[in-house]
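A.B. asks: What follows is data.pdb, made up of PDB, N, CA and C atoms and all ligand atoms:
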```pdb
ATOM      1  N   MET A   1      89.558  96.408  99.362
ATOM      2  CA  MET A   1      91.016  96.467  99.148
ATOM      3  C   MET A   1      91.722  95.581 100.167
ATOM      4  N   THR A   2      92.355  94.528  99.704
ATOM      5  CA  THR A   2      92.994  93.591 100.615
ATOM      6  C   THR A   2      94.508  93.763 100.637
ATOM      7  N   GLU A   3      95.011  94.566  99.749
ATOM      8  CA  GLU A   3      96.455  94.736  99.673
ATOM      9  C   GLU A   3      96.957  95.602 100.825
ATOM     10  N   SER A   4      98.026  95.168 101.466
ATOM     11  CA  SER A   4      98.581  95.940 102.574
ATOM     12  C   SER A   4      99.540  96.985 102.038
ATOM     13  N   THR A   5      99.551  98.132 102.703
ATOM     14  CA  THR A   5     100.467  99.187 102.289
ATOM     15  C   THR A   5     101.183  99.761 103.506
ATOM     16  N   CYS A   6     102.365 100.301 103.260
ATOM     17  CA  CYS A   6     103.149 100.943 104.319
ATOM     18  C   CYS A   6     102.381 102.143 104.870
ATOM     19  N   LEU A   7     102.310 102.255 106.192
ATOM     20  CA  LEU A   7     101.543 103.339 106.787
ATOM     21  C   LEU A   7     102.171 104.693 106.497
ATOM     22  N   ASN A   8     103.443 104.715 106.189
ATOM     23  CA  ASN A   8     104.117 105.993 105.968
ATOM     24  C   ASN A   8     104.152 106.402 104.496
ATOM     25  N   CYS A   9     104.533 105.499 103.625
ATOM     26  CA  CYS A   9     104.748 105.887 102.232
ATOM     27  C   CYS A   9     103.791 105.207 101.258
ATOM     28  N   ASP A  10     102.899 104.344 101.782
ATOM     29  CA  ASP A  10     101.890 103.689 100.944
ATOM     30  C   ASP A  10     102.473 102.729  99.918
ATOM     31  N   THR A  11     103.717 102.350 100.083
ATOM     32  CA  THR A  11     104.261 101.296  99.229
ATOM     33  C   THR A  11     103.500 100.005  99.489
ATOM     34  N   SER A  12     103.138  99.306  98.449
ATOM     35  CA  SER A  12     102.346  98.089  98.630
ATOM     36  C   SER A  12     103.242  96.880  98.835
ATOM     37  N   GLU A  13     102.628  95.846  99.380
ATOM     38  CA  GLU A  13     103.352  94.594  99.606
ATOM     39  C   GLU A  13     103.792  93.945  98.303
ATOM     40  N   GLN A  14     103.245  94.412  97.202
ATOM     41  CA  GLN A  14     103.661  93.887  95.905
ATOM     42  C   GLN A  14     105.021  94.433  95.506
ATOM     43  N   GLU A  15     105.352  95.603  96.027
ATOM     44  CA  GLU A  15     106.596  96.257  95.629
ATOM     45  C   GLU A  15     107.756  95.955  96.575
ATOM     46  N   ARG A  16     107.420  95.793  97.881
ATOM     47  CA  ARG A  16     108.455  95.675  98.890
ATOM     48  C   ARG A  16     107.927  94.798 100.020
ATOM     49  N   PRO A  17     108.783  94.063 100.680
ATOM     50  CA  PRO A  17     108.297  93.321 101.850
ATOM     51  C   PRO A  17     107.879  94.292 102.946
ATOM     52  N   LEU A  18     106.786  94.006 103.592
ATOM     53  CA  LEU A  18     106.302  94.876 104.658
ATOM     54  C   LEU A  18     106.403  94.164 105.997
ATOM     55  N   ILE A  19     106.644  94.947 107.027
ATOM     56  CA  ILE A  19     106.722  94.437 108.394
ATOM     57  C   ILE A  19     105.391  94.735 109.078
ATOM     58  N   THR A  20     104.857  93.728 109.743
ATOM     59  CA  THR A  20     103.576  93.915 110.428
ATOM     60  C   THR A  20     103.799  94.543 111.802
ATOM     61  N   LEU A  21     103.013  95.548 112.106
ATOM     62  CA  LEU A  21     103.027  96.179 113.417
ATOM     63  C   LEU A  21     101.662  95.988 114.054
ATOM     64  N   LYS A  22     101.634  96.022 115.343
ATOM     65  CA  LYS A  22     100.360  96.016 116.053
ATOM     66  C   LYS A  22     100.289  97.288 116.867
ATOM     67  N   PHE A  23      99.171  97.973 116.754
ATOM     68  CA  PHE A  23      98.976  99.181 117.544
ATOM     69  C   PHE A  23      97.499  99.305 117.894
ATOM     70  N   GLN A  24      97.225  99.311 119.171
ATOM     71  CA  GLN A  24      95.853  99.444 119.661
ATOM     72  C   GLN A  24      94.913  98.475 118.944
ATOM     73  N   LYS A  25      95.320  97.222 118.927
ATOM     74  CA  LYS A  25      94.533  96.123 118.360
ATOM     75  C   LYS A  25      94.351  96.222 116.849
ATOM     76  N   THR A  26      95.092  97.118 116.231
ATOM     77  CA  THR A  26      95.018  97.238 114.783
ATOM     78  C   THR A  26      96.329  96.767 114.180
ATOM     79  N   GLU A  27      96.233  96.052 113.077
ATOM     80  CA  GLU A  27      97.451  95.652 112.381
ATOM     81  C   GLU A  27      97.833  96.714 111.378
ATOM     82  N   LEU A  28      99.092  97.105 111.444
ATOM     83  CA  LEU A  28      99.619  98.110 110.529
ATOM     84  C   LEU A  28     100.830  97.518 109.839
ATOM     85  N   TYR A  29     101.222  98.130 108.763
ATOM     86  CA  TYR A  29     102.366  97.640 108.007
ATOM     87  C   TYR A  29     103.313  98.787 107.732
ATOM     88  N   ILE A  30     104.587  98.459 107.777
ATOM     89  CA  ILE A  30     105.590  99.473 107.449
ATOM     90  C   ILE A  30     106.677  98.808 106.625
ATOM     91  N   CYS A  31     107.221  99.531 105.673
ATOM     92  CA  CYS A  31     108.262  98.949 104.835
ATOM     93  C   CYS A  31     109.624  99.179 105.491
ATOM     94  N   PRO A  32     110.622  98.402 105.103
ATOM     95  CA  PRO A  32     111.950  98.525 105.719
ATOM     96  C   PRO A  32     112.535  99.927 105.581
ATOM     97  N   GLN A  33     112.156 100.608 104.519
ATOM     98  CA  GLN A  33     112.683 101.948 104.290
ATOM     99  C   GLN A  33     112.145 102.943 105.311
ATOM    100  N   CYS A  34     110.934 102.704 105.781
ATOM    101  CA  CYS A  34     110.312 103.625 106.722
ATOM    102  C   CYS A  34     110.509 103.203 108.179
ATOM    103  N   LEU A  35     110.989 101.997 108.395
ATOM    104  CA  LEU A  35     111.176 101.522 109.761
ATOM    105  C   LEU A  35     112.090 102.437 110.575
ATOM    106  N   PRO A  36     113.201 102.903 109.995
ATOM    107  CA  PRO A  36     114.060 103.825 110.759
ATOM    108  C   PRO A  36     113.339 105.109 111.180
ATOM    109  N   VAL A  37     112.346 105.510 110.388
ATOM    110  CA  VAL A  37     111.578 106.697 110.756
ATOM    111  C   VAL A  37     110.796 106.424 112.035
ATOM    112  N   LEU A  38     110.198 105.250 112.090
ATOM    113  CA  LEU A  38     109.435 104.876 113.277
ATOM    114  C   LEU A  38     110.339 104.816 114.505
ATOM    115  N   ILE A  39     111.556 104.374 114.310
ATOM    116  CA  ILE A  39     112.478 104.217 115.423
ATOM    117  C   ILE A  39     113.084 105.555 115.840
ATOM    118  N   HIS A  40     113.543 106.326 114.854
ATOM    119  CA  HIS A  40     114.319 107.519 115.174
ATOM    120  C   HIS A  40     113.523 108.809 115.125
ATOM    121  N   LYS A  41     112.469 108.837 114.321
ATOM    122  CA  LYS A  41     111.660 110.051 114.211
ATOM    123  C   LYS A  41     110.174 109.716 114.312
ATOM    124  N   PRO A  42     109.795 109.112 115.414
ATOM    125  CA  PRO A  42     108.412 108.631 115.539
ATOM    126  C   PRO A  42     107.384 109.746 115.399
ATOM    127  N   TYR A  43     107.762 110.964 115.743
ATOM    128  CA  TYR A  43     106.808 112.072 115.647
ATOM    129  C   TYR A  43     106.370 112.316 114.206
ATOM    130  N   GLN A  44     107.214 111.888 113.246
ATOM    131  CA  GLN A  44     106.820 112.049 111.840
ATOM    132  C   GLN A  44     105.657 111.132 111.473
ATOM    133  N   LEU A  45     105.442 110.116 112.274
ATOM    134  CA  LEU A  45     104.361 109.178 111.986
ATOM    135  C   LEU A  45     103.133 109.434 112.844
ATOM    136  N   ALA A  46     103.243 110.385 113.765
ATOM    137  CA  ALA A  46     102.144 110.612 114.712
ATOM    138  C   ALA A  46     100.845 110.940 113.991
ATOM    139  N   GLU A  47     100.933 111.734 112.940
ATOM    140  CA  GLU A  47      99.705 112.119 112.247
ATOM    141  C   GLU A  47      99.108 110.971 111.433
ATOM    142  N   LYS A  48      99.921 109.962 111.155
ATOM    143  CA  LYS A  48      99.424 108.802 110.421
ATOM    144  C   LYS A  48      98.792 107.786 111.361
ATOM    145  N   LEU A  49      99.063 107.928 112.634
ATOM    146  CA  LEU A  49      98.575 106.960 113.611
ATOM    147  C   LEU A  49      97.755 107.669 114.679
ATOM    148  N   PRO A  50      96.470 107.783 114.478
ATOM    149  CA  PRO A  50      95.633 108.422 115.488
ATOM    150  C   PRO A  50      95.783 107.713 116.831
ATOM    151  N   GLY A  51      96.030 108.477 117.881
ATOM    152  CA  GLY A  51      96.191 107.888 119.209
ATOM    153  C   GLY A  51      97.631 107.660 119.582
ATOM    154  N   PHE A  52      98.530 107.773 118.612
ATOM    155  CA  PHE A  52      99.946 107.553 118.883
ATOM    156  C   PHE A  52     100.590 108.840 119.394
ATOM    157  N   VAL A  53     101.158 108.761 120.598
ATOM    158  CA  VAL A  53     101.833 109.914 121.173
ATOM    159  C   VAL A  53     103.310 109.571 121.329
ATOM    160  N   PRO A  54     104.139 110.040 120.403
ATOM    161  CA  PRO A  54     105.565 109.713 120.457
ATOM    162  C   PRO A  54     106.211 110.331 121.685
ATOM    163  N   SER A  55     107.200 109.644 122.227
ATOM    164  CA  SER A  55     107.868 110.156 123.413
ATOM    165  C   SER A  55     108.783 111.316 123.058
ATOM    166  N   GLU A  56     109.187 111.333 121.805
ATOM    167  CA  GLU A  56     110.125 112.354 121.361
ATOM    168  C   GLU A  56     109.357 113.480 120.681
ATOM    169  N   ASN A  57     109.717 114.704 120.951
ATOM    170  CA  ASN A  57     109.039 115.825 120.311
ATOM    171  C   ASN A  57     109.765 116.237 119.046
ATOM    172  N   PRO A  58     109.025 116.768 118.067
ATOM    173  CA  PRO A  58     109.678 117.217 116.835
ATOM    174  C   PRO A  58     110.534 118.438 117.094
ATOM    175  N   PRO A  59     111.557 118.633 116.290
ATOM    176  CA  PRO A  59     112.324 119.861 116.382
ATOM    177  C   PRO A  59     111.413 121.035 116.050
ATOM    178  N   PRO A  60     111.701 122.212 116.587
ATOM    179  CA  PRO A  60     110.808 123.363 116.446
ATOM    180  C   PRO A  60     110.446 123.718 115.019
ATOM    181  N   ASP A  61     111.389 123.621 114.090
ATOM    182  CA  ASP A  61     111.119 124.077 112.736
ATOM    183  C   ASP A  61     110.953 122.950 111.732
ATOM    184  N   ASP A  62     110.538 121.799 112.193
ATOM    185  CA  ASP A  62     110.373 120.662 111.299
ATOM    186  C   ASP A  62     109.052 120.745 110.534
ATOM    187  N   HIS A  63     109.149 120.763 109.214
ATOM    188  CA  HIS A  63     107.922 120.787 108.410
ATOM    189  C   HIS A  63     108.001 119.729 107.331
TER
HETATM  190 ZN    ZN B 101     107.286 102.953 103.682
END
```
How does the structure come out when it is put into structure tokens?
C.D. replies:
Amino acid sequence: MTESTCLNCDTSEQERPLITLKFQKTELYICPQCLPVLIHKPYQLAEKLPGFVPSENPPPDDH
């Protein structure tokens, strides 16, 4: 599989332009729609990125 997909929502590069990220020597992709999540709610992406420890903690009742 050579097609890149958004790390958060799995949207493919065929559907939307993706932004390339680098994390721990790995290239990742995120779509513009999910970029604000990475910026403002990074903890929502923690489970998608093994090794990523967001500086911000999730709210107590966030599911
Ligand atoms: Zn996305």
A.B. asks: How would you write, as a ChimeraX atom specification, the residues chosen by the PyMOL selection byres (((not hetatm)) within 6 of (chain B and resi 101)) on this structure?
C.D. replies: /A:6-11,30-34
A.B. asks: Go through A:Glu3, A:Phe23, A:Gln14, A:Pro36 and flag the residue nearest Val53 (chain A), using only C-alpha atoms for the distances.
C.D. replies: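 Closest residue, counting only C-alpha atoms: A:Phe23.
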A.B. asks: Please measure the separation of CA of Pro54 (chain A) and CA of Pro42 (chain A), giving the value in Å to one decimal.
C.D. replies: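 Spanning CA of Pro54 (chain A) to CA of Pro42 (chain A) is a straight-line distance of 5.8 Å.
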A.B. asks: Using only N, CA and C atoms, determine which residues lie at most 8 Å from Pro58 (chain A), disregarding the query and same-chain residues fewer than 3 positions distant; provide the list as a list in words.
C.D. replies: Lys41, Pro42, Tyr43, Gln44, Pro54, Ser55, Asp61 and Asp62 of chain A
A.B. asks: Could you go through chain A and tell me which residues DSSP, when run on the backbone, assigns to strand (DSSP E), listing them as a PyMOL selection string?
C.D. replies: chain A and resi 19-23+26-30
A.B. asks: Rounded to one decimal place, report the atom C of Thr5 (chain A)-CA of Tyr29 (chain A) distance in Å.
C.D. replies: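 It comes out at 5.1 Å.
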A.B. asks: List every residue of chain A that DSSP, applied to the backbone of this structure, places in helix (DSSP H, G or I), and write the result as a list of chain:residue names.
C.D. replies: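 Helix (DSSP H, G or I) assignments inside chain A correspond to A:Leu35, A:Pro36, A:Val37, A:Leu38, A:Ile39, A:His40, A:Pro42, A:Tyr43, A:Gln44, A:Leu45, A:Ala46, A:Glu47, A:Lys48.
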A.B. asks: How many Å separate CA of Gly51 (chain A) from CA of Leu28 (chain A)?
C.D. replies: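 Spanning CA of Gly51 (chain A) to CA of Leu28 (chain A) is a straight-line distance of 13.5 Å.
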